[in-house]
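Raw data34.txt, compact mmCIF, C-alpha atoms:
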# COMPACT_ATOMS: atom_id res chain seq x y z
CA MET A 1 0.00 0.00 0.00
CA SER A 2 1.35 3.39 -0.94
CA ASN A 3 2.07 6.00 1.64
CA LYS A 4 -0.61 8.29 0.24
CA LYS A 5 -3.32 5.68 0.53
CA LEU A 6 -2.28 4.89 4.08
CA VAL A 7 -2.51 8.55 5.06
CA SER A 8 -5.98 8.96 3.59
CA LEU A 9 -7.16 5.69 5.11
CA PHE A 10 -5.89 6.76 8.49
CA SER A 11 -7.53 10.16 8.10
CA ILE A 12 -10.89 8.64 7.27
CA LEU A 13 -10.62 6.23 10.17
CA PHE A 14 -9.74 9.05 12.50
CA LEU A 15 -12.64 11.10 11.21
CA LEU A 16 -15.01 8.18 11.84
CA VAL A 17 -13.75 7.77 15.40
CA VAL A 18 -14.19 11.49 16.03
CA LEU A 19 -17.65 11.37 14.47
CA PHE A 20 -18.60 8.38 16.61
CA PHE A 21 -17.44 10.18 19.74
CA TYR A 22 -19.27 13.31 18.71
CA LEU A 23 -22.53 11.49 17.93
CA SER A 24 -22.50 9.52 21.15
CA ASN A 25 -22.01 12.66 23.22
CA THR A 26 -24.59 14.92 21.64
CA TYR A 27 -28.28 14.68 22.23
CA THR A 28 -31.54 15.00 20.41
CA SER A 29 -34.22 17.13 21.99
CA VAL A 30 -37.81 17.05 20.79
CA GLU A 31 -41.16 18.12 22.14
CA ILE A 32 -44.23 16.12 21.31
CA TYR A 33 -47.82 16.88 22.17
CA SER A 34 -49.74 13.81 23.30
CA MET A 35 -51.71 12.49 26.32
CA ASP A 36 -53.08 16.03 26.77
CA THR A 37 -49.66 17.33 27.71
CA VAL A 38 -46.23 18.37 26.49
CA ILE A 39 -43.61 15.65 26.46
CA ASP A 40 -40.04 16.84 26.44
CA ILE A 41 -37.65 14.15 25.24
CA LYS A 42 -33.87 14.38 25.44
CA VAL A 43 -31.88 11.35 24.33
CA TRP A 44 -28.09 10.92 24.06
CA GLY A 45 -26.19 8.33 22.06
CA ILE A 46 -25.80 7.03 18.54
CA ASN A 47 -29.14 5.25 18.64
CA ARG A 48 -31.06 8.31 19.78
CA PHE A 49 -33.02 8.91 16.59
CA LYS A 50 -34.48 5.42 16.64
CA ALA A 51 -35.21 5.75 20.36
CA VAL A 52 -37.03 9.06 19.89
CA LYS A 53 -39.11 7.55 17.08
CA ASP A 54 -39.96 4.48 19.15
CA ILE A 55 -40.89 6.61 22.17
CA GLU A 56 -43.12 8.84 20.07
CA PHE A 57 -44.85 5.81 18.55
CA GLU A 58 -45.43 4.18 21.94
CA ILE A 59 -46.79 7.33 23.60
CA ASN A 60 -49.18 7.99 20.73
CA LYS A 61 -50.37 4.40 20.88
CA LEU A 62 -51.05 4.60 24.63
CA SER A 63 -52.71 7.98 24.25
CA ALA A 64 -55.08 6.53 21.65
CA LEU A 65 -56.06 3.76 24.10
CA PHE A 66 -56.36 5.77 27.34
CA ASP A 67 -57.63 9.22 26.37
CA ASP A 68 -61.15 9.52 27.79
CA PHE A 69 -61.73 12.67 25.70
CA SER A 70 -61.21 10.76 22.46
CA PRO A 71 -64.46 9.13 21.24
CA ASN A 72 -62.60 6.05 19.95
CA SER A 73 -60.37 5.17 22.87
CA GLU A 74 -60.81 1.93 24.78
CA VAL A 75 -61.38 3.89 27.98
CA THR A 76 -64.25 5.78 26.31
CA LEU A 77 -65.62 2.45 25.11
CA ILE A 78 -65.57 1.09 28.67
CA ASN A 79 -67.25 4.26 29.97
CA ASN A 80 -69.91 4.29 27.26
CA ASN A 81 -70.79 0.69 28.06
CA ALA A 82 -71.10 1.21 31.81
CA GLY A 83 -74.08 -0.78 33.08
CA ILE A 84 -74.54 -2.26 29.62
CA LYS A 85 -71.85 -4.80 28.77
CA PRO A 86 -68.21 -5.79 29.34
CA VAL A 87 -65.71 -4.45 26.81
CA LYS A 88 -62.84 -6.46 25.37
CA VAL A 89 -59.64 -4.43 25.65
CA SER A 90 -55.99 -4.62 24.64
CA TYR A 91 -53.20 -5.84 26.90
CA GLU A 92 -52.09 -2.30 27.83
CA THR A 93 -55.56 -1.14 28.89
CA LEU A 94 -56.11 -4.29 30.92
CA ASP A 95 -52.67 -3.92 32.49
CA ILE A 96 -53.05 -0.27 33.51
CA ILE A 97 -56.55 -0.79 34.95
CA THR A 98 -55.35 -3.81 36.93
CA LYS A 99 -52.43 -1.76 38.28
CA ALA A 100 -54.73 1.17 39.08
CA LYS A 101 -57.05 -1.13 41.06
CA ASP A 102 -54.07 -2.55 42.92
CA MET A 103 -52.90 0.98 43.77
CA TYR A 104 -56.36 1.77 45.14
CA ASP A 105 -55.77 -0.90 47.77
CA LYS A 106 -52.18 0.13 48.43
CA THR A 107 -53.15 3.77 49.00
CA ASP A 108 -56.18 2.94 51.18
CA GLY A 109 -58.48 4.33 48.52
CA ASN A 110 -56.78 7.72 48.28
CA PHE A 111 -56.21 7.01 44.60
CA ASN A 112 -59.31 6.01 42.69
CA ILE A 113 -59.71 5.96 38.90
CA MET A 114 -63.50 5.75 39.44
CA ILE A 115 -63.52 9.41 40.62
CA ALA A 116 -64.51 10.65 37.14
CA PRO A 117 -68.23 11.28 37.95
CA VAL A 118 -67.12 13.63 40.76
CA LEU A 119 -64.67 15.47 38.46
CA LYS A 120 -67.49 15.85 35.96
CA LEU A 121 -69.81 17.26 38.63
CA TRP A 122 -67.32 19.97 39.59
CA GLY A 123 -66.74 20.87 35.93
CA PHE A 124 -63.17 19.58 35.64
CA LYS A 125 -64.08 17.62 32.51
CA SER A 126 -65.78 20.48 30.69
CA GLY A 127 -64.13 23.57 32.16
CA ASP A 128 -67.48 24.92 33.45
CA PHE A 129 -66.37 24.97 37.07
CA ARG A 130 -68.85 25.16 39.93
CA VAL A 131 -69.15 24.17 43.59
CA PRO A 132 -71.90 21.54 43.69
CA GLU A 133 -74.45 20.97 46.45
CA LYS A 134 -73.59 18.46 49.16
CA SER A 135 -76.40 16.16 48.02
CA GLU A 136 -75.08 16.14 44.45
CA ILE A 137 -71.62 15.17 45.68
CA GLU A 138 -73.10 12.32 47.71
CA GLU A 139 -74.95 11.07 44.65
CA ALA A 140 -71.79 11.23 42.53
CA LEU A 141 -69.76 9.41 45.20
CA LYS A 142 -72.14 6.45 44.88
CA LEU A 143 -70.77 5.99 41.36
CA THR A 144 -67.14 5.71 42.50
CA ASP A 145 -67.15 2.27 44.16
CA ILE A 146 -64.01 0.45 42.97
CA ASN A 147 -65.81 -2.90 43.43
CA ASP A 148 -68.06 -1.95 40.52
CA LEU A 149 -65.00 -2.10 38.25
CA ILE A 150 -64.94 -5.71 37.10
CA ILE A 151 -61.92 -7.17 35.35
CA SER A 152 -62.40 -10.69 34.00
CA GLY A 153 -60.15 -12.26 31.40
CA ASP A 154 -59.46 -9.52 28.85
CA GLU A 155 -62.76 -7.75 29.51
CA VAL A 156 -63.52 -4.71 31.64
CA PHE A 157 -66.99 -3.87 32.90
CA LEU A 158 -68.45 -1.01 34.91
CA LYS A 159 -71.53 -2.28 36.77
CA LYS A 160 -73.65 0.87 36.96
CA LYS A 161 -74.73 3.33 34.34
CA GLY A 162 -73.06 6.71 34.88
CA GLU A 163 -69.87 5.18 36.24
CA SER A 164 -66.68 6.05 34.40
CA ILE A 165 -62.93 5.74 34.77
CA ASP A 166 -60.26 8.39 34.33
CA LEU A 167 -56.63 7.28 33.98
CA GLY A 168 -55.30 10.84 34.34
CA GLY A 169 -53.50 10.04 37.60
CA ILE A 170 -51.63 6.99 36.32
CA ALA A 171 -51.36 7.14 32.50
CA LYS A 172 -48.30 9.41 32.35
CA GLY A 173 -46.38 7.32 34.86
CA TYR A 174 -47.41 4.13 33.10
CA ALA A 175 -46.27 5.55 29.76
CA LEU A 176 -42.94 6.49 31.35
CA ASP A 177 -42.44 2.84 32.35
CA LYS A 178 -42.86 1.91 28.68
CA VAL A 179 -40.44 4.68 27.73
CA LYS A 180 -37.93 3.21 30.17
CA ASP A 181 -38.18 -0.19 28.45
CA ILE A 182 -37.63 1.41 25.05
CA ILE A 183 -34.63 3.38 26.27
CA GLU A 184 -33.03 0.26 27.73
CA ASN A 185 -33.74 -1.83 24.63
CA ASP A 186 -32.60 0.83 22.19
CA ASN A 187 -29.24 1.06 23.90
CA VAL A 188 -29.01 4.83 24.38
CA THR A 189 -26.34 6.35 26.61
CA LYS A 190 -28.50 8.83 28.47
CA ALA A 191 -32.05 10.16 28.50
CA VAL A 192 -34.15 12.75 30.30
CA ILE A 193 -37.89 12.48 29.66
CA ASN A 194 -40.37 14.98 31.06
CA MET A 195 -43.95 13.92 30.51
CA GLY A 196 -46.09 16.80 31.66
CA GLY A 197 -44.11 17.18 34.87
CA ASN A 198 -43.40 13.48 35.44
CA VAL A 199 -39.67 13.05 34.98
CA PHE A 200 -37.64 9.94 34.16
CA VAL A 201 -33.85 9.97 34.00
CA TYR A 202 -31.57 7.30 32.64
CA SER A 203 -27.85 6.90 32.11
CA LYS A 204 -25.69 3.94 31.17
CA ASN A 205 -23.23 5.32 33.67
CA ASN A 206 -24.73 4.31 37.01
CA ASN A 207 -22.73 6.94 38.85
CA GLU A 208 -24.23 9.81 36.91
CA ILE A 209 -26.24 12.16 39.08
CA PHE A 210 -29.21 14.13 37.73
CA THR A 211 -30.55 17.26 39.33
CA ILE A 212 -34.32 17.62 39.15
CA GLY A 213 -36.04 20.86 40.08
CA ILE A 214 -39.38 20.84 41.92
CA LYS A 215 -41.66 23.58 40.67
CA HIS A 216 -42.43 26.40 43.06
CA PRO A 217 -46.18 26.12 43.75
CA ARG A 218 -46.81 29.85 43.81
CA GLU A 219 -44.11 31.46 41.62
CA ASN A 220 -42.15 30.89 38.46
CA GLY A 221 -39.06 28.81 39.00
CA ILE A 222 -38.28 26.07 41.46
CA ILE A 223 -38.68 25.66 45.22
CA ALA A 224 -36.15 22.84 45.67
CA THR A 225 -33.87 20.51 43.78
CA VAL A 226 -33.25 16.82 44.30
CA LYS A 227 -30.31 14.78 43.09
CA VAL A 228 -31.23 11.36 41.73
CA LYS A 229 -29.57 8.42 39.99
CA SER A 230 -30.29 6.67 36.72
CA GLY A 231 -33.59 4.81 36.60
CA THR A 232 -35.43 7.21 38.90
CA PHE A 233 -38.91 8.62 38.37
CA VAL A 234 -39.90 11.97 39.88
CA ALA A 235 -43.62 12.83 39.87
CA THR A 236 -45.24 15.91 41.37
CA SER A 237 -48.89 16.71 42.07
CA GLY A 238 -49.76 20.28 42.92
CA ASP A 239 -52.80 22.49 43.38
CA TYR A 240 -51.44 25.01 40.85
CA GLU A 241 -51.83 22.92 37.72
CA ARG A 242 -55.58 23.05 37.20
CA PHE A 243 -57.82 24.87 39.64
CA PHE A 244 -60.54 27.47 39.97
CA GLU A 245 -61.24 29.98 42.67
CA TYR A 246 -64.67 30.71 44.12
CA LYS A 247 -65.29 33.16 46.95
CA GLY A 248 -61.59 33.25 47.72
CA VAL A 249 -61.21 29.47 48.00
CA ARG A 250 -59.00 27.50 45.65
CA TYR A 251 -60.48 24.28 44.29
CA CYS A 252 -57.88 22.12 42.54
CA HIS A 253 -58.18 19.15 40.19
CA ILE A 254 -56.99 16.52 42.67
CA PHE A 255 -59.90 15.11 44.65
CA ASP A 256 -60.16 13.28 47.92
CA PRO A 257 -62.03 10.16 46.73
CA LYS A 258 -63.62 9.74 50.17
CA THR A 259 -65.18 13.19 50.49
CA GLY A 260 -65.71 14.17 46.84
CA PHE A 261 -64.03 17.52 47.59
CA PRO A 262 -60.74 18.81 46.18
CA ALA A 263 -57.82 17.88 48.42
CA ASN A 264 -56.35 20.91 50.21
CA LYS A 265 -54.08 19.74 53.02
CA ILE A 266 -50.85 20.67 51.19
CA VAL A 267 -49.92 22.50 47.98
CA SER A 268 -47.45 20.07 46.38
CA ALA A 269 -46.37 16.45 46.75
CA THR A 270 -43.45 14.87 44.93
CA ALA A 271 -42.93 11.11 44.85
CA ILE A 272 -39.55 9.63 43.94
CA THR A 273 -39.73 5.99 42.88
CA LYS A 274 -38.18 3.26 40.76
CA THR A 275 -41.46 2.61 38.94
CA GLY A 276 -43.26 5.24 36.86
CA TYR A 277 -46.88 4.35 37.52
CA VAL A 278 -46.28 3.96 41.26
CA GLY A 279 -44.74 7.44 41.41
CA ASP A 280 -47.57 9.01 39.41
CA VAL A 281 -50.20 7.42 41.66
CA LEU A 282 -48.28 8.13 44.88
CA SER A 283 -47.86 11.84 44.16
CA THR A 284 -51.65 12.07 43.81
CA ALA A 285 -52.39 9.93 46.89
CA MET A 286 -49.78 11.85 48.92
CA PHE A 287 -51.33 15.13 47.90
CA VAL A 288 -54.68 13.84 49.19
CA GLU A 289 -53.19 12.43 52.42
CA GLY A 290 -51.23 15.49 53.49
CA LYS A 291 -47.80 15.49 55.08
CA ASP A 292 -48.09 12.76 57.75
CA GLY A 293 -50.03 10.37 55.54
CA ALA A 294 -47.60 10.99 52.69
CA PHE A 295 -44.59 10.07 54.82
CA GLU A 296 -46.37 6.94 55.99
CA LEU A 297 -47.20 5.99 52.38
CA ALA A 298 -43.61 6.59 51.32
CA LYS A 299 -42.34 4.31 54.07
CA ARG A 300 -44.85 1.57 53.29
CA LEU A 301 -44.27 1.58 49.51
CA ASN A 302 -40.52 2.10 49.61
CA ALA A 303 -40.60 5.53 48.00
CA SER A 304 -39.21 8.95 48.87
CA CYS A 305 -41.22 12.14 48.96
CA ILE A 306 -40.98 15.91 49.13
CA ILE A 307 -43.94 17.83 50.54
CA VAL A 308 -44.66 21.55 50.34
CA ASP A 309 -47.23 22.75 52.87
CA LYS A 310 -49.49 25.81 52.69
CA GLU A 311 -46.87 28.03 54.35
CA LEU A 312 -44.45 26.88 51.61
CA ASN A 313 -42.31 24.91 54.03
CA VAL A 314 -40.50 22.02 52.39
CA PHE A 315 -40.43 18.62 54.11
CA TYR A 316 -38.81 15.44 52.85
CA THR A 317 -38.22 11.84 53.90
CA ASP A 318 -35.01 11.01 55.81
CA ASP A 319 -33.47 9.11 52.90
CA LEU A 320 -33.34 12.36 50.92
CA LYS A 321 -31.16 14.15 53.49
CA GLY A 322 -28.17 15.58 51.69
CA VAL A 323 -29.66 15.27 48.19
CA VAL A 324 -32.50 17.77 48.52
CA SER A 325 -31.63 21.43 48.60
CA VAL A 326 -34.28 24.06 49.18
CA GLU A 327 -33.87 27.22 47.12
CA ASN A 328 -33.37 30.47 49.00
CA ARG A 329 -36.50 32.54 49.05
CA MET B 1 -5.72 12.57 -2.71
CA LYS B 2 -4.31 15.98 -3.56
CA THR B 3 -2.61 18.29 -1.10
CA GLY B 4 -5.67 20.55 -1.08
CA ASP B 5 -7.94 17.66 -0.16
CA LYS B 6 -5.67 16.75 2.71
CA ILE B 7 -5.69 20.31 4.02
CA ILE B 8 -9.48 20.37 3.89
CA LEU B 9 -9.63 17.03 5.68
CA ILE B 10 -7.28 18.23 8.38
CA ILE B 11 -9.30 21.43 8.82
CA VAL B 12 -12.51 19.41 9.14
CA ILE B 13 -10.98 17.10 11.74
CA LEU B 14 -9.48 19.98 13.69
CA SER B 15 -12.73 21.94 13.77
CA LEU B 16 -14.60 18.85 14.92
CA LEU B 17 -12.07 18.37 17.71
CA VAL B 18 -12.32 22.00 18.76
CA GLY B 19 -16.11 21.70 18.76
CA ILE B 20 -15.99 18.62 20.97
CA ILE B 21 -13.51 20.15 23.40
CA VAL B 22 -15.63 23.29 23.72
CA LYS B 23 -18.71 21.14 24.31
CA GLU B 24 -16.99 19.04 26.97
CA ILE B 25 -15.80 22.15 28.80
CA GLY B 26 -19.32 23.49 28.73
CA ILE B 27 -20.84 20.29 30.10
CA SER B 28 -18.36 19.96 32.94
CA ASN B 29 -18.96 23.52 34.10
CA THR B 30 -22.59 23.79 35.18
CA SER B 31 -22.34 27.37 36.43
CA THR B 32 -21.79 28.76 32.93
CA LYS B 33 -24.45 30.51 30.94
CA PHE B 34 -25.79 28.87 27.82
CA VAL B 35 -27.09 30.15 24.53
CA VAL B 36 -30.16 28.14 23.60
CA ILE B 37 -31.29 28.38 20.01
CA MET B 38 -34.76 27.06 19.20
CA ALA B 39 -36.04 26.56 15.65
CA ASP B 40 -39.59 25.38 14.83
CA GLY B 41 -40.16 24.75 18.55
CA LYS B 42 -37.21 22.43 18.90
CA VAL B 43 -33.81 23.00 20.46
CA TYR B 44 -31.49 23.69 17.56
CA GLU B 45 -28.34 24.22 19.55
CA LYS B 46 -27.27 24.80 23.14
CA ILE B 47 -23.87 26.41 23.43
CA PRO B 48 -21.98 27.33 26.59
CA LEU B 49 -21.35 31.06 26.71
CA ILE B 50 -17.74 31.32 27.79
CA PRO B 51 -15.95 34.67 27.94
CA ASN B 52 -12.70 35.05 26.00
CA LEU B 53 -13.82 32.54 23.41
CA LYS B 54 -13.00 33.37 19.82
CA PRO B 55 -15.93 34.81 17.86
CA SER B 56 -17.93 32.15 16.07
CA THR B 57 -20.80 32.26 13.63
CA ILE B 58 -23.57 29.67 13.44
CA MET B 59 -26.15 29.25 10.73
CA VAL B 60 -29.60 28.43 12.09
CA LYS B 61 -32.13 26.97 9.70
CA SER B 62 -35.85 26.59 10.22
CA LYS B 63 -38.65 25.63 7.85
CA GLU B 64 -39.25 29.33 7.18
CA GLY B 65 -35.71 30.49 6.48
CA TYR B 66 -32.33 30.90 8.07
CA LEU B 67 -30.16 33.35 9.94
CA TYR B 68 -26.61 33.72 11.18
CA VAL B 69 -25.91 34.00 14.90
CA GLU B 70 -22.61 35.41 16.06
CA ILE B 71 -21.27 34.60 19.52
CA ASP B 72 -18.42 36.79 20.73
CA ASN B 73 -16.91 37.16 24.20
CA GLY B 74 -19.97 36.29 26.27
CA LYS B 75 -22.54 37.99 24.08
CA VAL B 76 -24.74 37.02 21.17
CA HIS B 77 -26.42 38.74 18.22
CA VAL B 78 -27.98 38.02 14.86
CA LEU B 79 -25.56 38.86 12.10
CA ASP B 80 -27.86 38.41 9.12
CA SER B 81 -31.27 36.91 8.42
CA THR B 82 -33.56 35.97 5.56
CA CYS B 83 -36.57 37.49 7.33
CA PRO B 84 -38.24 40.55 5.76
CA ASP B 85 -38.38 42.80 8.84
CA LYS B 86 -34.80 42.21 10.16
CA LEU B 87 -36.08 42.90 13.69
CA CYS B 88 -33.84 40.17 15.03
CA ILE B 89 -30.79 42.02 13.77
CA LYS B 90 -32.03 45.31 15.20
CA GLN B 91 -32.35 43.77 18.66
CA GLY B 92 -28.57 43.80 18.81
CA TRP B 93 -26.40 42.02 21.36
CA ILE B 94 -27.72 40.12 24.39
CA SER B 95 -25.59 38.86 27.26
CA ASN B 96 -27.73 38.51 30.42
CA VAL B 97 -29.65 35.44 31.60
CA GLY B 98 -33.27 35.72 30.58
CA GLU B 99 -32.68 37.87 27.52
CA THR B 100 -34.08 36.57 24.26
CA ILE B 101 -33.86 37.50 20.61
CA VAL B 102 -36.93 36.45 18.65
CA CYS B 103 -37.12 36.12 14.89
CA LEU B 104 -40.83 35.56 14.43
CA PRO B 105 -40.89 35.21 10.62
CA ASN B 106 -38.20 32.51 10.80
CA ARG B 107 -39.63 30.85 13.95
CA ILE B 108 -36.23 31.08 15.62
CA THR B 109 -35.43 32.23 19.16
CA ILE B 110 -32.04 32.77 20.75
CA SER B 111 -32.01 33.01 24.52
CA ILE B 112 -29.50 33.01 27.33
CA VAL B 113 -30.14 30.66 30.21
CA GLY B 114 -28.36 29.81 33.44
CA GLY B 115 -28.98 29.66 37.20
CA ASN B 116 -32.08 27.51 37.66
CA GLU B 117 -31.58 26.05 34.23
CA SER B 118 -28.69 24.05 35.61
CA VAL B 119 -31.21 21.38 36.60
CA ASP B 120 -31.70 18.51 34.17
CA SER B 121 -35.49 18.76 34.26
CA ILE B 122 -38.32 20.24 36.33
CA SER B 123 -41.06 18.15 37.94
CA TYR B 124 -44.42 19.91 38.20

Using the file provided, produce a representation of the structure as structure tokens.
Amino acid sequence: MSNKKLVSLFSILFLLVVLFFYLSNTYTSVEIYSMDTVIDIKVWGINRFKAVKDIEFEINKLSALFDDFSPNSEVTLINNNAGIKPVKVSYETLDIITKAKDMYDKTDGNFNIMIAPVLKLWGFKSGDFRVPEKSEIEEALKLTDINDLIISGDEVFLKKKGESIDLGGIAKGYALDKVKDIIENDNVTKAVINMGGNVFVYSKNNNEIFTIGIKHPRENGIIATVKVKSGTFVATSGDYERFFEYKGVRYCHIFDPKTGFPANKIVSATAITKTGYVGDVLSTAMFVEGKDGAFELAKRLNASCIIVDKELNVFYTDDLKGVVSVENR
Amino acid sequence: MKTGDKIILIIVILSLLVGIIVKEIGISNTSTKFVVIMADGKVYEKIPLIPNLKPSTIMVKSKEGYLYVEIDNGKVHVLDSTCPDKLCIKQGWISNVGETIVCLPNRITISIVGGNESVDSISY
């Protein structure tokens, strides 16, 4: 081989190595609009374009199954056939409803996907907010009995007419679990996924530390940060996301399934878990429970949590000592 | 391969290396400010804003058109643009966190971030 050829061969090889290094250290960032929210996807590594495509496909698929606003979703089908007949559903729908029912038990009923009739009553489905009469709330609560949600084989059935399910408190976390599988299978080096406030971080390097900000409930910016490792899910439920005010009282979109009233013990609850759907559900249940109940839940379900009370004090579980830092106010 | 080709190749490799080194420095230093360029709603480029860096020009392309951004010694401006109103050029240099240049016709924004933006993501 001539000297010239060797030089050019070496140059090309070198260029390829540099290109490889460059590609594996840059990231792709896209925003997609699905599941009624903004999903911010950042993926590092050579395989990132395939991963982003796969993630987008999966999220759109789940959204098509779970969205109770869409007339063709399986959840809508179940709701429309309440009191009429069981509906045959896909694996994913069956899986998420089974998990949701299980989480009802694990949270002592503080998370209930049957709460939809109550949300409807208060106007959270239509946007025509109002404070209903006590008697109306009692009537609506009769349609939220989890035992009326029957799962048998691959069929789901709501016993009474007027009953309906709403996967809003679990769907994002569940989708993030699927995203995690894709990220691991697609062999990416690093990923940060933010699905409408539910965050998942991943890195091939197990020592990599991610810093996640917790939104300030009353201002722009963040109230605290938490340092987490790869494979962690961070989910927050707050009273600032969707709410209305009537006669000086704030009514938010997270309801206490036992009273039929919006939960108002605290202003923000963050659950830190190793499973997406558990975190999504826990942040909601913790928000309903308030500080003491939240800490108890965290202990029982092996999760960590950060609570912001009405005076904007920040509390967190002992295992987060040293990794949470509260911003100066 | 002619001498000219080799020179071009070497220049390409060198500029790639410089780019990577600059990027690595930026990533390792979280307290630096960043220039975030968005085109068509997506992050086009995020560049650490380091003082004493040699001036560099970046072409930003969106579906509507393109413009040239110049970064020089901790500040940023739009050098030239295909937009009809040239408002982005008239906005001049920006250097403080929170400042943004918007080119509406081209759907391109150039903003400077830092401080709270040092977090990887925000849970809400």

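For chain B, the residues no farther than 8 Å from chain A when using all atoms listed in the file are Met1, Lys6, Leu9, Ile13, Leu16, Leu17, Ile20, Gly41, Lys42, Val43, Asn116, Ser118, Val119, Asp120, Ser121, Ile122, Ser123 and Tyr124 of chain B.
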
Would you output that residue set with C-alpha atoms, as an mmCIF file, in the frame of the given file?
data_model
loop_
_atom_site.group_PDB
_atom_site.id
_atom_site.type_symbol
_atom_site.label_atom_id
_atom_site.label_comp_id
_atom_site.auth_asym_id
_atom_site.auth_seq_id
_atom_site.Cartn_x
_atom_site.Cartn_y
_atom_site.Cartn_z
ATOM 1 C CA MET B 1 -5.720 12.570 -2.710
ATOM 2 C CA LYS B 6 -5.670 16.750 2.710
ATOM 3 C CA LEU B 9 -9.630 17.030 5.680
ATOM 4 C CA ILE B 13 -10.980 17.100 11.740
ATOM 5 C CA LEU B 16 -14.600 18.850 14.920
ATOM 6 C CA LEU B 17 -12.070 18.370 17.710
ATOM 7 C CA ILE B 20 -15.990 18.620 20.970
ATOM 8 C CA GLY B 41 -40.160 24.750 18.550
ATOM 9 C CA LYS B 42 -37.210 22.430 18.900
ATOM 10 C CA VAL B 43 -33.810 23.000 20.460
ATOM 11 C CA ASN B 116 -32.080 27.510 37.660
ATOM 12 C CA SER B 118 -28.690 24.050 35.610
ATOM 13 C CA VAL B 119 -31.210 21.380 36.600
ATOM 14 C CA ASP B 120 -31.700 18.510 34.170
ATOM 15 C CA SER B 121 -35.490 18.760 34.260
ATOM 16 C CA ILE B 122 -38.320 20.240 36.330
ATOM 17 C CA SER B 123 -41.060 18.150 37.940
ATOM 18 C CA TYR B 124 -44.420 19.910 38.200
#

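Proximity ranking of B:Thr32, B:Tyr44, B:Leu53, B:Arg107 relative to Val18 in chain B places B:Leu53 first, based on only C-alpha atoms.
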
Quiz item: Separation of CA of Ile223 in chain A and CA of Ile37 in chain B, in Å?
Solution: 26.4 Å

Quiz prompt | From A:Val324, A:Ile182, A:Leu312, A:Leu149, residue lying nearest Ile55 in chain A [only C-alpha atoms] | solution = A:Ile182

Quiz item: Skipping near chain neighbours, those fewer than 6 positions away, what residues fall within 9 Å of Cys88 in chain B using all atoms listed in the file, listed as JSON, numbers by chain?
Solution: {"B": [77, 78, 79, 80, 81, 101, 102, 103, 104]}

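From CA of Val38 in chain A back to CA of Thr109 in chain B, the distance works out to 19.0 Å.
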